[in-house]
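Remarks on the structure that follows.
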Amino acid sequence: MSGICGAVEFCSRPEAPAPGIRIHSHTTGNLTISYVSSAEPFRMRLTNSENLFLVWLSCSGRSTFEATRARTLVSEQRGWVSNPGSGTEISWSRDCAQLIVGIDRSSLERRLGSLLRQALPQPLAFEGPLDTASQPLSGWHDGVRLFVKSLDSRNSALEHRAAADSVEDAIMTTFLVSHRHNYWDVLRESVDLVPSRAVREATRLIESRPDRQHSVASLAHAVGVSVRVLERGFRRYLDITPHNYLRDVRLRRARQDLEVSVPDAVTVSEVARRHGFFHFGRFAATYRDRFDEAPSDTLRRAGELLR
């Protein structure tokens, strides 16, 4: 255990600390993947290596992690992160098995610095408890299991260094954006990490109900990001602001409405209000700029076609 984790002291049966422990490890460039199982229960004190982040993922059985007055039960849907140099007391149940993902500290901190485009003023530190039952960590967990399966397969693409490096980078980056740490808020504001999901959900909300009184703030709240992140996402993926995207959708729907309307049955101002425009003069000017004709001309032409 010391070879993959750090300094380990077993708290019971010192003459035979953990007779049932079996360890199988595979080290790639920046990751050490270890499968550890024990037929017998045991308790140990771990002082984590200064050079590794350790992510503990349960395969079977249960274990308890205690650190800095926090106690977490690690099971199928819950894991644990040990930060470099941290101390943890760990209790394993009978027939317990864990997958331990060791991530090189300097590589992970360098990757984070690259994402933030700045040197880290303080060491990176993750929260201990790890919720692998829900996204985004469940997706990261699935990716790790596929990575492990590929490591154990013959003729795997991971035998090629470039492929292995790419997968390692994806695992590290995804973990940084999936589990909370002391740079979490700063990272969420990073333009490089604007989630395309948030932009897709915001556009879906706009397209489904453009008549609602959407604002950038209400859209950001609905999709779970800050206003600044959503604005950056729209500029990055759609080259437009959320406000202008909403305006364009409303204009397009208003034009579609005018093109099938009967002039004697509806007015331009009624169509404008129906699609969220409550300042008629501003609507008419914006409409003319967008479609090179007045909204009244669109309505009149529709009437002529219906005669």
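By order in the structure tokens, chains are A, B, ...; within a chain, residues start at 1; ligands start at 1, following the order shown.
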Shell around region 92-100 of chain A at 8 Å using only C-alpha atoms, local window under 4 positions removed, as a count of residues only: 23
Write out as a list of chain:residue names each polymer residue whose atoms come within 9 Å of Leu251 (chain A), counting only C-alpha atoms; drop sequence neighbours fewer than 6 positions from it. A:Ala272, A:His275, A:Phe277, A:Phe283, A:Thr286, A:Tyr287, A:Arg290
Could you pull the residues within 12 Å of Glu270 (chain A), counting only C-alpha atoms, minus those fewer than 4 positions along the same chain, as JSON, numbers by chain? {"A": [254, 257, 258, 261, 263, 265, 266, 274, 275, 276, 277, 278, 279, 280, 283, 295, 296, 299]}
Generate a file of the selected residues that holds all heavy atoms, formatted as a compact mmCIF listing (two decimals), in the first residue's frame.
# COMPACT_ATOMS: atom_id res chain seq x y z
N ALA A 254 -41.98 36.72 -35.33
CA ALA A 254 -42.93 37.78 -35.69
C ALA A 254 -43.11 37.87 -37.20
O ALA A 254 -44.23 38.03 -37.70
CB ALA A 254 -42.44 39.12 -35.13
N ASP A 257 -45.25 35.07 -38.41
CA ASP A 257 -46.64 35.35 -38.07
C ASP A 257 -47.25 36.35 -39.05
O ASP A 257 -48.38 36.16 -39.54
CB ASP A 257 -46.71 35.90 -36.64
CG ASP A 257 -47.99 35.50 -35.93
OD1 ASP A 257 -48.91 35.03 -36.60
OD2 ASP A 257 -48.07 35.68 -34.69
N LEU A 258 -46.51 37.41 -39.34
CA LEU A 258 -47.02 38.43 -40.26
C LEU A 258 -47.24 37.87 -41.66
O LEU A 258 -48.17 38.28 -42.36
CB LEU A 258 -46.03 39.60 -40.32
CG LEU A 258 -45.95 40.50 -39.07
CD1 LEU A 258 -44.75 41.43 -39.17
CD2 LEU A 258 -47.25 41.29 -38.90
N SER A 261 -50.71 36.22 -41.85
CA SER A 261 -51.81 36.93 -41.20
C SER A 261 -52.67 37.67 -42.22
O SER A 261 -52.22 38.01 -43.33
CB SER A 261 -51.28 37.92 -40.16
OG SER A 261 -50.64 37.25 -39.11
N PRO A 263 -54.54 41.17 -42.92
CA PRO A 263 -54.44 42.55 -42.42
C PRO A 263 -55.68 43.02 -41.67
O PRO A 263 -55.57 43.76 -40.69
CB PRO A 263 -54.19 43.36 -43.69
CG PRO A 263 -53.52 42.40 -44.62
CD PRO A 263 -54.17 41.07 -44.34
N ALA A 265 -57.61 41.29 -39.88
CA ALA A 265 -57.84 40.52 -38.65
C ALA A 265 -56.82 40.78 -37.57
O ALA A 265 -57.03 40.42 -36.41
CB ALA A 265 -57.87 39.02 -38.99
N VAL A 266 -55.69 41.37 -37.92
CA VAL A 266 -54.62 41.58 -36.95
C VAL A 266 -53.84 42.83 -37.31
O VAL A 266 -53.82 43.24 -38.48
CB VAL A 266 -53.68 40.35 -36.91
CG1 VAL A 266 -52.83 40.26 -38.17
CG2 VAL A 266 -52.79 40.36 -35.69
N ARG A 274 -47.29 40.05 -29.17
CA ARG A 274 -47.39 38.59 -29.05
C ARG A 274 -46.01 37.94 -28.96
O ARG A 274 -45.84 36.90 -28.34
CB ARG A 274 -48.15 38.04 -30.26
CG ARG A 274 -48.47 36.56 -30.19
CD ARG A 274 -49.15 36.13 -31.49
NE ARG A 274 -50.34 36.92 -31.74
CZ ARG A 274 -50.89 37.08 -32.94
NH1 ARG A 274 -50.34 36.51 -34.01
NH2 ARG A 274 -52.00 37.79 -33.09
N HIS A 275 -45.03 38.60 -29.58
CA HIS A 275 -43.68 38.03 -29.61
C HIS A 275 -42.68 38.78 -28.73
O HIS A 275 -41.48 38.68 -28.94
CB HIS A 275 -43.19 37.97 -31.06
CG HIS A 275 -43.99 37.02 -31.90
ND1 HIS A 275 -43.80 35.66 -31.86
CD2 HIS A 275 -45.02 37.23 -32.77
CE1 HIS A 275 -44.65 35.07 -32.68
NE2 HIS A 275 -45.41 36.00 -33.24
N GLY A 276 -43.22 39.49 -27.76
CA GLY A 276 -42.35 40.07 -26.73
C GLY A 276 -41.82 41.46 -27.02
O GLY A 276 -40.92 41.92 -26.31
N PHE A 277 -42.36 42.15 -28.04
CA PHE A 277 -41.92 43.52 -28.34
C PHE A 277 -43.02 44.48 -27.87
O PHE A 277 -44.13 44.47 -28.40
CB PHE A 277 -41.68 43.70 -29.85
CG PHE A 277 -40.56 42.87 -30.39
CD1 PHE A 277 -40.81 41.68 -31.06
CD2 PHE A 277 -39.23 43.28 -30.24
CE1 PHE A 277 -39.78 40.90 -31.57
CE2 PHE A 277 -38.19 42.52 -30.75
CZ PHE A 277 -38.46 41.32 -31.41
N PHE A 278 -42.70 45.32 -26.92
CA PHE A 278 -43.71 46.20 -26.34
C PHE A 278 -43.45 47.67 -26.65
O PHE A 278 -44.20 48.54 -26.21
CB PHE A 278 -43.77 45.98 -24.82
CG PHE A 278 -44.17 44.57 -24.46
CD1 PHE A 278 -43.22 43.61 -24.14
CD2 PHE A 278 -45.50 44.19 -24.49
CE1 PHE A 278 -43.59 42.32 -23.83
CE2 PHE A 278 -45.89 42.88 -24.18
CZ PHE A 278 -44.92 41.95 -23.85
N HIS A 279 -42.41 47.95 -27.38
CA HIS A 279 -42.12 49.31 -27.86
C HIS A 279 -42.22 49.26 -29.38
O HIS A 279 -41.29 48.82 -30.06
CB HIS A 279 -40.73 49.75 -27.40
CG HIS A 279 -40.47 51.21 -27.63
ND1 HIS A 279 -40.33 51.75 -28.89
CD2 HIS A 279 -40.33 52.24 -26.75
CE1 HIS A 279 -40.10 53.05 -28.79
NE2 HIS A 279 -40.09 53.37 -27.49
N PHE A 280 -43.37 49.70 -29.92
CA PHE A 280 -43.64 49.49 -31.33
C PHE A 280 -42.63 50.18 -32.23
O PHE A 280 -42.17 49.60 -33.23
CB PHE A 280 -45.05 49.96 -31.68
CG PHE A 280 -45.38 49.78 -33.13
CD1 PHE A 280 -45.61 48.52 -33.66
CD2 PHE A 280 -45.43 50.88 -33.98
CE1 PHE A 280 -45.89 48.35 -35.00
CE2 PHE A 280 -45.71 50.71 -35.33
CZ PHE A 280 -45.95 49.45 -35.84
N PHE A 283 -39.49 48.23 -32.30
CA PHE A 283 -39.71 46.98 -33.04
C PHE A 283 -39.67 47.23 -34.54
O PHE A 283 -39.01 46.50 -35.30
CB PHE A 283 -41.05 46.37 -32.65
CG PHE A 283 -41.54 45.30 -33.60
CD1 PHE A 283 -40.93 44.05 -33.63
CD2 PHE A 283 -42.59 45.55 -34.48
CE1 PHE A 283 -41.37 43.06 -34.52
CE2 PHE A 283 -43.04 44.58 -35.37
CZ PHE A 283 -42.42 43.34 -35.39
N PRO A 295 -42.51 46.12 -41.07
CA PRO A 295 -43.43 45.03 -40.75
C PRO A 295 -44.80 45.21 -41.39
O PRO A 295 -45.46 44.23 -41.75
CB PRO A 295 -43.50 45.05 -39.22
CG PRO A 295 -43.00 46.40 -38.82
CD PRO A 295 -42.02 46.79 -39.86
N SER A 296 -45.21 46.46 -41.57
CA SER A 296 -46.50 46.71 -42.24
C SER A 296 -46.46 46.26 -43.69
O SER A 296 -47.48 45.80 -44.24
CB SER A 296 -46.85 48.19 -42.14
OG SER A 296 -45.80 48.98 -42.71
N LEU A 299 -47.00 42.49 -43.72
CA LEU A 299 -48.41 42.18 -43.49
C LEU A 299 -49.25 42.48 -44.73
O LEU A 299 -50.13 41.69 -45.10
CB LEU A 299 -48.92 42.96 -42.28
CG LEU A 299 -50.39 42.72 -41.88
CD1 LEU A 299 -50.60 41.25 -41.53
CD2 LEU A 299 -50.77 43.61 -40.70
Test item: residues at most 9 Å from region 155-170 of chain A, only C-alpha atoms, excluding those fewer than 6 positions along its chain, as a PyMOL selection string: chain A and resi 28-31+108+111+147
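Taking CA of Asn83 (chain A) and CA of Leu124 (chain A) as the two end points, the separation is 8.3 Å.
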Looking at A:Leu219, A:Gly233, A:Asp152, A:Leu116, which one is nearest to Asp185 (chain A), with distances taken over only C-alpha atoms? A:Leu116
